[in-house]
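S.K.: Got a structure for you, coords_24.txt, holding compact mmCIF, C-alpha atoms.
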```
# COMPACT_ATOMS: atom_id res chain seq x y z
CA MET A 492 -12.78 7.99 -18.04
CA LYS A 493 -15.60 7.12 -15.68
CA THR A 494 -14.46 5.09 -12.68
CA LYS A 495 -15.79 1.55 -12.63
CA PHE A 496 -16.07 0.09 -9.16
CA VAL A 497 -16.15 -3.64 -8.46
CA TYR A 498 -16.74 -5.48 -5.19
CA LYS A 499 -15.44 -8.44 -3.25
CA TYR A 500 -17.70 -9.88 -0.55
CA ARG A 501 -15.94 -11.37 2.51
CA SER A 502 -17.32 -13.61 5.23
CA GLY A 503 -15.95 -11.72 8.24
CA ASN A 504 -16.05 -14.94 10.29
CA PRO A 505 -13.97 -14.36 13.47
CA ASN A 506 -14.05 -18.02 14.56
CA LEU A 507 -11.21 -20.43 13.96
CA ARG A 508 -12.08 -23.51 11.94
CA VAL A 509 -10.35 -26.86 12.32
CA GLY A 510 -6.88 -26.66 10.78
CA GLN A 511 -6.86 -22.85 10.55
CA GLU A 512 -4.09 -20.77 12.13
CA ILE A 513 -6.04 -17.52 11.81
CA SER A 514 -9.71 -16.77 11.26
CA GLU A 515 -11.16 -15.79 7.90
CA LEU A 516 -11.79 -12.33 9.33
CA GLU A 517 -8.14 -11.87 10.31
CA ARG A 518 -6.97 -13.28 6.97
CA ASP A 519 -9.12 -10.80 5.06
CA ILE A 520 -8.07 -7.78 7.16
CA ARG A 521 -4.41 -8.68 6.69
CA SER A 522 -4.92 -9.00 2.95
CA ILE A 523 -6.16 -5.39 2.84
CA GLU A 524 -3.33 -4.21 5.10
CA THR A 525 -0.74 -5.79 2.80
CA ASN A 526 -2.50 -4.97 -0.51
CA THR A 527 -2.86 -8.59 -1.53
CA LEU A 528 -5.46 -10.70 -3.26
CA TYR A 529 -5.58 -14.42 -3.86
CA ALA A 530 -6.54 -15.74 -7.29
CA PRO A 531 -7.54 -19.38 -6.68
CA SER A 532 -7.47 -22.28 -9.09
CA ILE A 533 -10.54 -23.20 -11.12
CA ASP A 534 -11.46 -26.20 -8.95
CA SER A 535 -11.38 -24.01 -5.83
CA LEU A 536 -14.31 -21.91 -7.08
CA ASN A 537 -17.86 -22.68 -6.01
CA ASP A 538 -19.14 -23.53 -9.50
CA PRO A 539 -18.09 -27.06 -10.59
CA CYS A 540 -18.75 -26.02 -14.20
CA GLU A 541 -16.09 -23.27 -14.17
CA ALA A 542 -14.05 -23.04 -17.40
CA MET A 543 -16.09 -25.81 -19.00
CA ILE A 544 -15.15 -25.73 -22.65
CA PHE A 545 -15.80 -28.36 -25.29
CA SER A 546 -13.42 -29.40 -28.04
CA ASP A 547 -15.86 -31.23 -30.34
CA LYS A 548 -15.82 -28.40 -32.88
CA ILE A 549 -12.05 -28.14 -33.19
CA LYS A 550 -11.74 -31.93 -33.47
CA SER A 551 -14.34 -31.96 -36.22
CA GLN A 552 -12.60 -29.10 -38.05
CA THR A 553 -9.16 -30.70 -37.86
CA THR A 554 -10.53 -34.07 -38.96
CA ILE A 555 -11.94 -32.45 -42.10
CA PHE A 556 -8.68 -30.63 -42.82
CA SER A 557 -6.64 -33.79 -42.24
CA LYS A 558 -8.61 -35.57 -44.93
CA ILE A 559 -8.18 -32.70 -47.39
CA LEU A 560 -4.45 -32.45 -46.66
CA SER A 561 -3.91 -36.21 -46.34
CA VAL A 562 -2.56 -35.93 -42.81
CA GLU A 563 -1.72 -39.27 -41.18
CA LYS A 564 -4.20 -40.46 -38.56
CA THR A 565 -1.41 -40.77 -35.97
CA GLY A 566 -0.63 -37.05 -36.26
CA LEU A 567 -4.30 -36.15 -35.96
CA ASP A 568 -4.76 -38.38 -32.92
CA ASN A 569 -1.74 -36.77 -31.22
CA PHE A 570 -3.16 -33.31 -31.88
CA HIS A 571 -6.51 -34.31 -30.40
CA LYS A 572 -4.70 -35.76 -27.40
CA HIS A 573 -2.91 -32.44 -26.82
CA ILE A 574 -6.22 -30.60 -27.01
CA ASP A 575 -7.71 -32.93 -24.39
CA GLU A 576 -4.67 -32.46 -22.13
CA PHE A 577 -4.89 -28.68 -22.51
CA THR A 578 -8.55 -28.51 -21.47
CA ALA A 579 -7.99 -31.03 -18.65
CA ASN A 580 -5.04 -29.12 -17.19
CA LEU A 581 -6.58 -25.64 -17.17
CA ASN A 582 -6.83 -25.85 -13.38
CA GLU A 583 -3.04 -25.59 -13.04
CA LYS A 584 -2.66 -22.81 -15.60
CA VAL A 585 -5.17 -20.21 -14.43
CA GLY A 586 -5.82 -18.14 -11.30
CA ILE A 587 -9.17 -16.33 -11.13
CA TYR A 588 -10.17 -13.36 -8.98
CA SER A 589 -13.94 -12.91 -9.10
CA LEU A 590 -15.62 -9.57 -8.42
CA ALA A 591 -19.22 -8.46 -8.22
CA GLY A 592 -20.85 -5.53 -9.96
CA ARG A 593 -22.77 -4.10 -6.96
CA TYR A 594 -22.29 -3.51 -3.24
CA ASN A 595 -26.00 -3.79 -2.40
CA HIS A 596 -26.90 -7.18 -3.84
CA GLU A 597 -29.26 -9.10 -1.56
CA LEU A 598 -28.11 -12.59 -2.60
CA LEU A 599 -24.39 -11.83 -2.58
CA TRP A 600 -24.53 -10.52 0.97
CA ALA A 601 -26.28 -13.75 1.96
CA HIS A 602 -24.07 -16.15 -0.03
CA TYR A 603 -20.59 -14.62 0.25
CA ALA A 604 -20.69 -12.29 3.26
CA ASN A 605 -21.91 -14.69 5.93
CA SER A 606 -25.52 -13.49 5.86
CA HIS A 607 -24.50 -9.86 6.50
CA TYR A 608 -22.04 -10.66 9.31
CA GLY A 609 -19.23 -9.99 6.83
CA PHE A 610 -18.09 -7.05 4.77
CA CYS A 611 -17.49 -5.97 1.19
CA ILE A 612 -14.40 -4.39 -0.36
CA GLU A 613 -14.72 -1.74 -3.07
CA TYR A 614 -12.03 -1.54 -5.77
CA ASP A 615 -11.35 0.84 -8.61
CA LEU A 616 -11.15 -1.73 -11.42
CA HIS A 617 -8.76 0.29 -13.58
CA LYS A 618 -6.28 0.71 -10.72
CA LEU A 619 -6.71 -2.90 -9.65
CA LYS A 620 -5.78 -4.38 -13.02
CA ASN A 621 -3.32 -1.66 -14.09
CA GLY A 622 -1.09 -1.60 -11.04
CA TYR A 623 2.69 -1.42 -10.80
CA SER A 624 3.54 -4.94 -12.00
CA ASN A 625 4.28 -5.82 -15.61
CA GLU A 626 2.67 -9.22 -15.09
CA GLU A 627 0.29 -10.17 -17.87
CA LEU A 628 -3.33 -10.48 -16.80
CA TYR A 629 -6.76 -10.37 -18.39
CA SER A 630 -9.96 -8.73 -17.21
CA PHE A 631 -13.49 -9.01 -18.58
CA GLN A 632 -17.13 -9.32 -17.66
CA ILE A 633 -18.62 -12.81 -17.66
CA ASN A 634 -20.82 -13.95 -20.53
CA TYR A 635 -23.83 -15.91 -19.31
CA SER A 636 -24.98 -18.62 -21.68
CA SER A 637 -27.26 -21.65 -21.86
CA LYS A 638 -24.42 -23.74 -23.34
CA PRO A 639 -20.65 -23.97 -22.67
CA PRO A 640 -18.41 -22.53 -25.41
CA GLN A 641 -16.72 -24.62 -28.10
CA LEU A 642 -12.99 -24.37 -28.81
CA SER A 643 -12.34 -23.85 -32.52
CA LEU A 644 -9.39 -23.50 -34.88
CA SER A 645 -9.87 -19.75 -34.96
CA ASP A 646 -9.16 -19.65 -31.21
CA LEU A 647 -5.75 -21.23 -31.77
CA THR A 648 -4.85 -18.82 -34.57
CA ASN A 649 -6.36 -15.74 -32.93
CA ARG A 650 -3.68 -13.20 -32.03
CA ASN A 651 -6.02 -11.55 -29.54
CA THR A 652 -5.05 -13.47 -26.42
CA GLN A 653 -7.69 -11.62 -24.37
CA GLU A 654 -10.48 -13.10 -26.51
CA THR A 655 -9.07 -16.62 -26.25
CA ILE A 656 -8.70 -16.38 -22.46
CA LYS A 657 -12.20 -14.96 -22.23
CA LYS A 658 -13.57 -17.94 -24.13
CA ILE A 659 -11.82 -20.33 -21.78
CA ALA A 660 -12.58 -18.60 -18.46
CA GLY A 661 -15.26 -16.04 -19.27
CA PHE A 662 -18.45 -18.08 -19.65
CA LYS A 663 -20.89 -19.29 -17.02
CA SER A 664 -24.41 -20.68 -16.95
CA LYS A 665 -27.26 -18.17 -17.16
CA GLU A 666 -28.22 -19.19 -13.62
CA TRP A 667 -25.25 -17.12 -12.36
CA LYS A 668 -26.24 -13.95 -14.18
CA TYR A 669 -27.42 -12.24 -10.99
CA GLU A 670 -23.78 -11.93 -9.85
CA GLU A 671 -22.90 -9.47 -12.65
CA GLU A 672 -19.35 -10.80 -12.37
CA THR A 673 -16.15 -9.21 -13.55
CA ARG A 674 -13.06 -11.34 -13.23
CA ILE A 675 -9.33 -10.93 -13.45
CA VAL A 676 -7.44 -13.93 -14.80
CA PHE A 677 -3.78 -14.59 -14.01
CA ASP A 678 -1.33 -17.12 -15.42
CA LYS A 679 -1.50 -19.34 -12.33
CA PRO A 680 -3.22 -19.58 -8.92
CA LYS A 681 -1.35 -17.56 -6.27
CA LYS A 682 -1.29 -14.42 -4.12
CA ARG A 683 -0.72 -11.08 -5.83
CA HIS A 684 -0.11 -7.53 -4.66
CA TYR A 685 -2.23 -4.73 -6.06
CA HIS A 686 -1.63 -0.98 -6.04
CA PRO A 687 -2.54 0.50 -2.63
CA ASN A 688 -4.75 3.10 -4.33
CA ALA A 689 -6.89 0.38 -5.94
CA ILE A 690 -9.03 -0.11 -2.84
CA SER A 691 -11.41 2.77 -2.19
CA GLY A 692 -13.90 1.63 0.42
CA VAL A 693 -15.20 -0.98 2.86
CA TYR A 694 -18.89 -1.81 3.44
CA PHE A 695 -20.09 -3.45 6.66
CA GLY A 696 -23.00 -5.88 6.61
CA LEU A 697 -26.24 -5.29 8.49
CA ARG A 698 -25.32 -7.82 11.18
CA MET A 699 -21.59 -7.15 11.59
CA PRO A 700 -20.84 -6.60 15.31
CA GLN A 701 -19.82 -3.07 16.27
CA GLU A 702 -16.54 -4.18 17.85
CA ILE A 703 -15.44 -5.85 14.59
CA ARG A 704 -16.35 -2.72 12.60
CA ASP A 705 -14.30 -0.59 15.00
CA ASN A 706 -11.32 -2.93 14.75
CA ILE A 707 -11.34 -2.83 10.95
CA MET A 708 -11.68 0.97 10.84
CA LYS A 709 -8.87 1.39 13.37
CA ARG A 710 -6.48 -0.93 11.53
CA LEU A 711 -7.20 0.65 8.15
CA SER A 712 -7.12 4.29 9.28
CA GLY A 713 -4.59 6.53 7.58
CA ARG A 714 -5.25 5.05 4.15
CA GLY A 715 -7.84 7.50 2.90
CA LEU A 716 -10.53 4.80 2.66
CA LYS A 717 -14.24 5.43 2.98
CA PHE A 718 -16.32 3.25 5.28
CA TYR A 719 -20.02 2.48 4.88
CA GLU A 720 -22.69 0.49 6.62
CA ILE A 721 -25.40 -1.29 4.69
CA ILE A 722 -28.92 -0.30 5.71
CA GLN A 723 -32.28 -1.51 4.52
CA LYS A 724 -34.50 0.94 2.67
CA PRO A 725 -37.80 1.35 4.56
CA ASN A 726 -40.65 -0.84 3.34
CA THR A 727 -38.50 -2.55 0.67
CA TYR A 728 -36.17 -5.50 0.17
CA ARG A 729 -33.47 -3.14 -1.09
CA PHE A 730 -30.22 -2.12 0.54
CA GLU A 731 -28.42 1.17 0.42
CA ARG A 732 -25.28 2.55 2.02
CA LYS A 733 -24.62 5.11 4.72
CA GLU A 734 -21.14 6.60 5.04
CA LEU A 735 -19.51 6.28 8.46
CA LEU A 736 -17.15 8.67 10.18
CA ASN A 737 -13.88 7.02 11.19
CA ASN A 738 -13.09 8.47 14.62
CA HIS A 739 -9.79 6.62 14.90
CA VAL A 740 -6.84 8.97 14.49
CA ALA A 741 -4.13 7.34 12.40
CA GLU A 742 -0.57 7.34 13.74
CA PHE A 743 0.67 8.21 10.24
CA LYS A 744 -0.50 8.40 6.64
CA TYR A 745 0.08 5.02 5.07
CA LEU A 746 2.88 5.00 2.47
CA SER A 747 3.08 8.79 2.77
CA GLU A 748 4.71 9.29 6.19
CA ILE A 749 7.18 7.66 8.56
CA PRO A 750 5.77 7.98 12.12
CA ASP A 751 7.36 9.91 14.95
CA ARG A 752 8.00 6.72 16.97
CA ILE A 753 10.44 5.72 14.19
CA THR A 754 11.98 9.09 13.26
CA GLY A 755 12.01 10.73 16.69
CA ILE A 756 11.50 14.11 14.97
CA GLY A 757 7.78 13.95 14.22
CA ASN A 758 6.03 12.38 11.27
CA VAL A 759 8.13 12.84 8.13
CA ALA A 760 6.33 13.00 4.79
CA PHE A 761 7.52 11.36 1.60
CA THR A 762 6.07 10.66 -1.84
CA ILE A 763 6.53 7.51 -3.88
CA THR A 764 7.45 8.83 -7.32
CA LYS A 765 8.13 5.47 -8.97
CA LEU A 766 6.74 2.04 -8.20
CA GLU A 767 7.46 -0.89 -10.49
CA TYR A 768 7.59 -4.67 -10.21
CA LYS A 769 9.27 -6.77 -12.88
CA TRP A 770 7.52 -9.99 -11.95
CA SER A 771 9.44 -12.31 -14.28
CA TYR A 772 12.67 -11.22 -12.54
CA LYS A 773 11.05 -10.89 -9.10
CA LYS A 774 12.54 -7.40 -8.91
CA GLY A 775 10.99 -4.32 -7.33
CA ILE A 776 12.03 -0.73 -8.11
CA VAL A 777 10.97 2.26 -5.98
CA GLU A 778 11.86 5.96 -5.97
CA THR A 779 10.81 8.34 -3.19
CA LEU A 780 10.97 12.07 -2.48
CA PHE A 781 11.46 13.01 1.20
CA GLU A 782 10.39 16.19 2.93
CA LYS A 783 13.57 16.12 5.07
CA GLU A 784 16.35 13.83 6.19
CA VAL A 785 15.68 10.86 8.44
CA SER A 786 17.89 8.29 10.11
CA VAL A 787 19.19 5.03 8.74
CA GLU A 788 16.76 3.22 11.04
CA ALA A 789 13.83 5.15 9.55
CA ILE A 790 14.89 4.29 6.00
CA ARG A 791 15.21 0.63 6.98
CA TRP A 792 11.73 0.71 8.55
CA LEU A 793 10.28 2.07 5.31
CA THR A 794 12.21 -0.46 3.23
CA GLU A 795 10.80 -3.33 5.28
CA LEU A 796 7.27 -1.92 5.04
CA ILE A 797 7.47 -1.57 1.26
CA LYS A 798 9.02 -5.02 0.85
CA ASN A 799 6.33 -6.73 2.94
CA HIS A 800 3.34 -4.73 1.68
CA LEU A 801 4.21 -4.30 -2.00
CA PHE A 802 6.86 -6.86 -2.96
CA LYS A 803 6.36 -9.91 -0.75
CA ASP A 804 7.36 -12.36 -3.50
CA ALA A 805 10.28 -10.31 -4.84
CA ASP A 806 13.82 -11.60 -4.45
CA ARG A 807 15.26 -8.12 -4.88
CA VAL A 808 13.87 -4.69 -4.07
CA PHE A 809 15.82 -1.51 -4.78
CA LEU A 810 14.84 1.90 -3.39
CA GLU A 811 16.33 5.30 -4.22
CA HIS A 812 15.50 8.30 -2.03
CA ARG A 813 15.80 11.99 -2.88
CA LEU A 814 15.31 15.03 -0.66
CA LYS A 815 12.86 17.78 -1.53
CA GLY A 816 14.73 20.49 -3.43
CA GLU A 817 17.53 18.12 -4.35
CA SER A 818 18.64 18.16 -7.99
CA GLU A 819 17.30 15.29 -10.06
CA GLU A 820 20.75 15.01 -11.55
CA GLY A 821 23.51 13.11 -9.78
CA ILE A 822 23.42 10.64 -6.90
CA TYR A 823 20.50 10.10 -4.56
CA TRP A 824 20.55 11.21 -0.94
CA SER A 825 19.95 7.62 0.13
CA ASN A 826 19.65 4.12 -1.30
CA SER A 827 18.23 1.02 0.33
CA GLU A 828 17.62 -2.53 -0.76
CA CYS A 829 16.47 -5.96 0.23
CA ILE A 830 18.13 -8.90 -1.50
CA LEU A 831 16.98 -12.38 -0.53
CA GLY A 832 15.84 -11.11 2.85
CA VAL A 833 19.02 -9.13 3.65
CA TYR A 834 18.52 -5.37 4.12
CA ASP A 835 21.07 -2.63 3.46
CA VAL A 836 20.77 1.14 3.78
CA LYS A 837 23.20 3.65 2.30
CA ILE A 838 23.24 7.37 3.01
CA ASN A 839 25.70 9.35 0.91
CA ASP A 840 28.73 7.08 0.59
CA PHE A 841 28.40 5.14 3.85
CA ILE A 842 26.75 1.73 4.25
CA PHE A 843 25.40 1.02 7.71
```
Would you mind giving the structure from this file in structure tokens?
M.R.:
Amino acid sequence: MKTKFVYKYRSGNPNLRVGQEISELERDIRSIETNTLYAPSIDSLNDPCEAMIFSDKIKSQTTIFSKILSVEKTGLDNFHKHIDEFTANLNEKVGIYSLAGRYNHELLWAHYANSHYGFCIEYDLHKLKNGYSNEELYSFQINYSSKPPQLSLSDLTNRNTQETIKKIAGFKSKEWKYEEETRIVFDKPKKRHYHPNAISGVYFGLRMPQEIRDNIMKRLSGRGLKFYEIIQKPNTYRFERKELLNNHVAEFKYLSEIPDRITGIGNVAFTITKLEYKWSYKKGIVETLFEKEVSVEAIRWLTELIKNHLFKDADRVFLEHRLKGESEEGIYWSNSECILGVYDVKINDFIF
């Protein structure tokens, strides 16, 4: 399957605004560090016509059926009232994460990346929407139309939930077509974690200061990301990318090693062999395979990192650790957990 990349433009503004505790730049860097995205509510998006859907058609259809079936007017009026409430309350029911189709779009750099002072994040769409959570979500490309869609009876009886959600949140005016938008729709507005492998690169705008570039590359080193700068093609309005060499040496490979300052015996490699989040239960499950034994303190460090970077909203996170060469049968070399903010580590039969 060919990889489809999608892009999120960020402002990169380092200045604090009134009422902000951290800058937009710091917020966005932290979101990458902790593998999080924020899917805002409909009324937080920049298009006031988002999720505009009309119910004239379904009201007309049900009025006709009510006459044929001799349905009382009171029942019909109540149904129409519920339809109106449903369309009016969409803002509370949906969280939308909007993504662009290109990294070199002139208008998007101007509109969403602070006139090239910002940056752009590259995601692998498949990995972004098919992560380690069993949360239900929907992803599709936007349809651009001259008229908003009409809700119909077939939408209520359609068993293909994806198509119904797409009709509600997947249409925009033709004036927005230049964005080539793909969006991911969640059941409510909130922060979400995504799989660490979903992000593949970062693009720096033409005007981003060198010191900010260096800071981002330093903080994100060790993750296997590619970094690019946007450059203007000679004698054209077009932009292209140039890959940058990250000269910052990472202390450790992110989610693949525990650093020497924690182990005291050099960087110790491990592999995450299972990663799962049961979001309805707020429960995380992780299995790892270690190159060699480490201390209780090192296991706790890893448990805290995984909790904060992969399961921030979870009430319970359970980790089971095996050693390389250890039989897959029987008990694990180590177990650790975080339950309601309380951490425990167990090696063999002793809890520390």
S.K.: So the first atom is atom CA of A:Leu599 and the second is atom CA of A:Asn621; what is the distance between them in Å, to one decimal place?
M.R.: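 Interatomic distance here is 26.1 Å.
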S.K.: Please compute the atom CA of A:Lys783-atom CA of A:Arg813 distance, one decimal, in Å.
M.R.: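 Straight-line distance from atom CA of A:Lys783 to atom CA of A:Arg813 works out to 9.2 Å.
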S.K.: From the options A:Ser664, A:Glu597, A:Gly715, A:Gly609, which residue's atoms come nearest to A:Pro539, counting all atoms listed in the file?
M.R.: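 Between A:Ser664, A:Glu597, A:Gly715, A:Gly609, the residue approaching A:Pro539 most closely is A:Ser664.
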S.K.: Counting all atoms listed in the file, which of A:Gly592, A:Pro687, A:Pro725, A:Pro750 gets nearest to A:Leu766?
M.R.: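 Result for the nearest residue to A:Leu766: A:Pro687.
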S.K.: Could you tell me which of A:Trp600, A:Tyr529, A:Phe781, A:Phe809 comes closest to A:Glu670 if we count all atoms listed in the file?
M.R.: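 With all atoms listed in the file as the atom set, the closest residue is A:Trp600.
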S.K.: By how many Å are atom CA of A:Val585 and atom CA of A:Pro680 apart?
M.R.: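 Between atom CA of A:Val585 and atom CA of A:Pro680 the gap is 5.9 Å.
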S.K.: Near stretch 507-520 of chain A, within 10 Å and counting only C-alpha atoms, which residues show up once chain neighbours fewer than 4 positions away are dropped, as a count of residues only?
M.R.: 16
S.K.: Which residue is closest to A:Lys717? Choose from A:Tyr635, A:Tyr500, A:Tyr834, A:Tyr694 and count all atoms listed in the file.
M.R.: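 Closest candidate: A:Tyr694.
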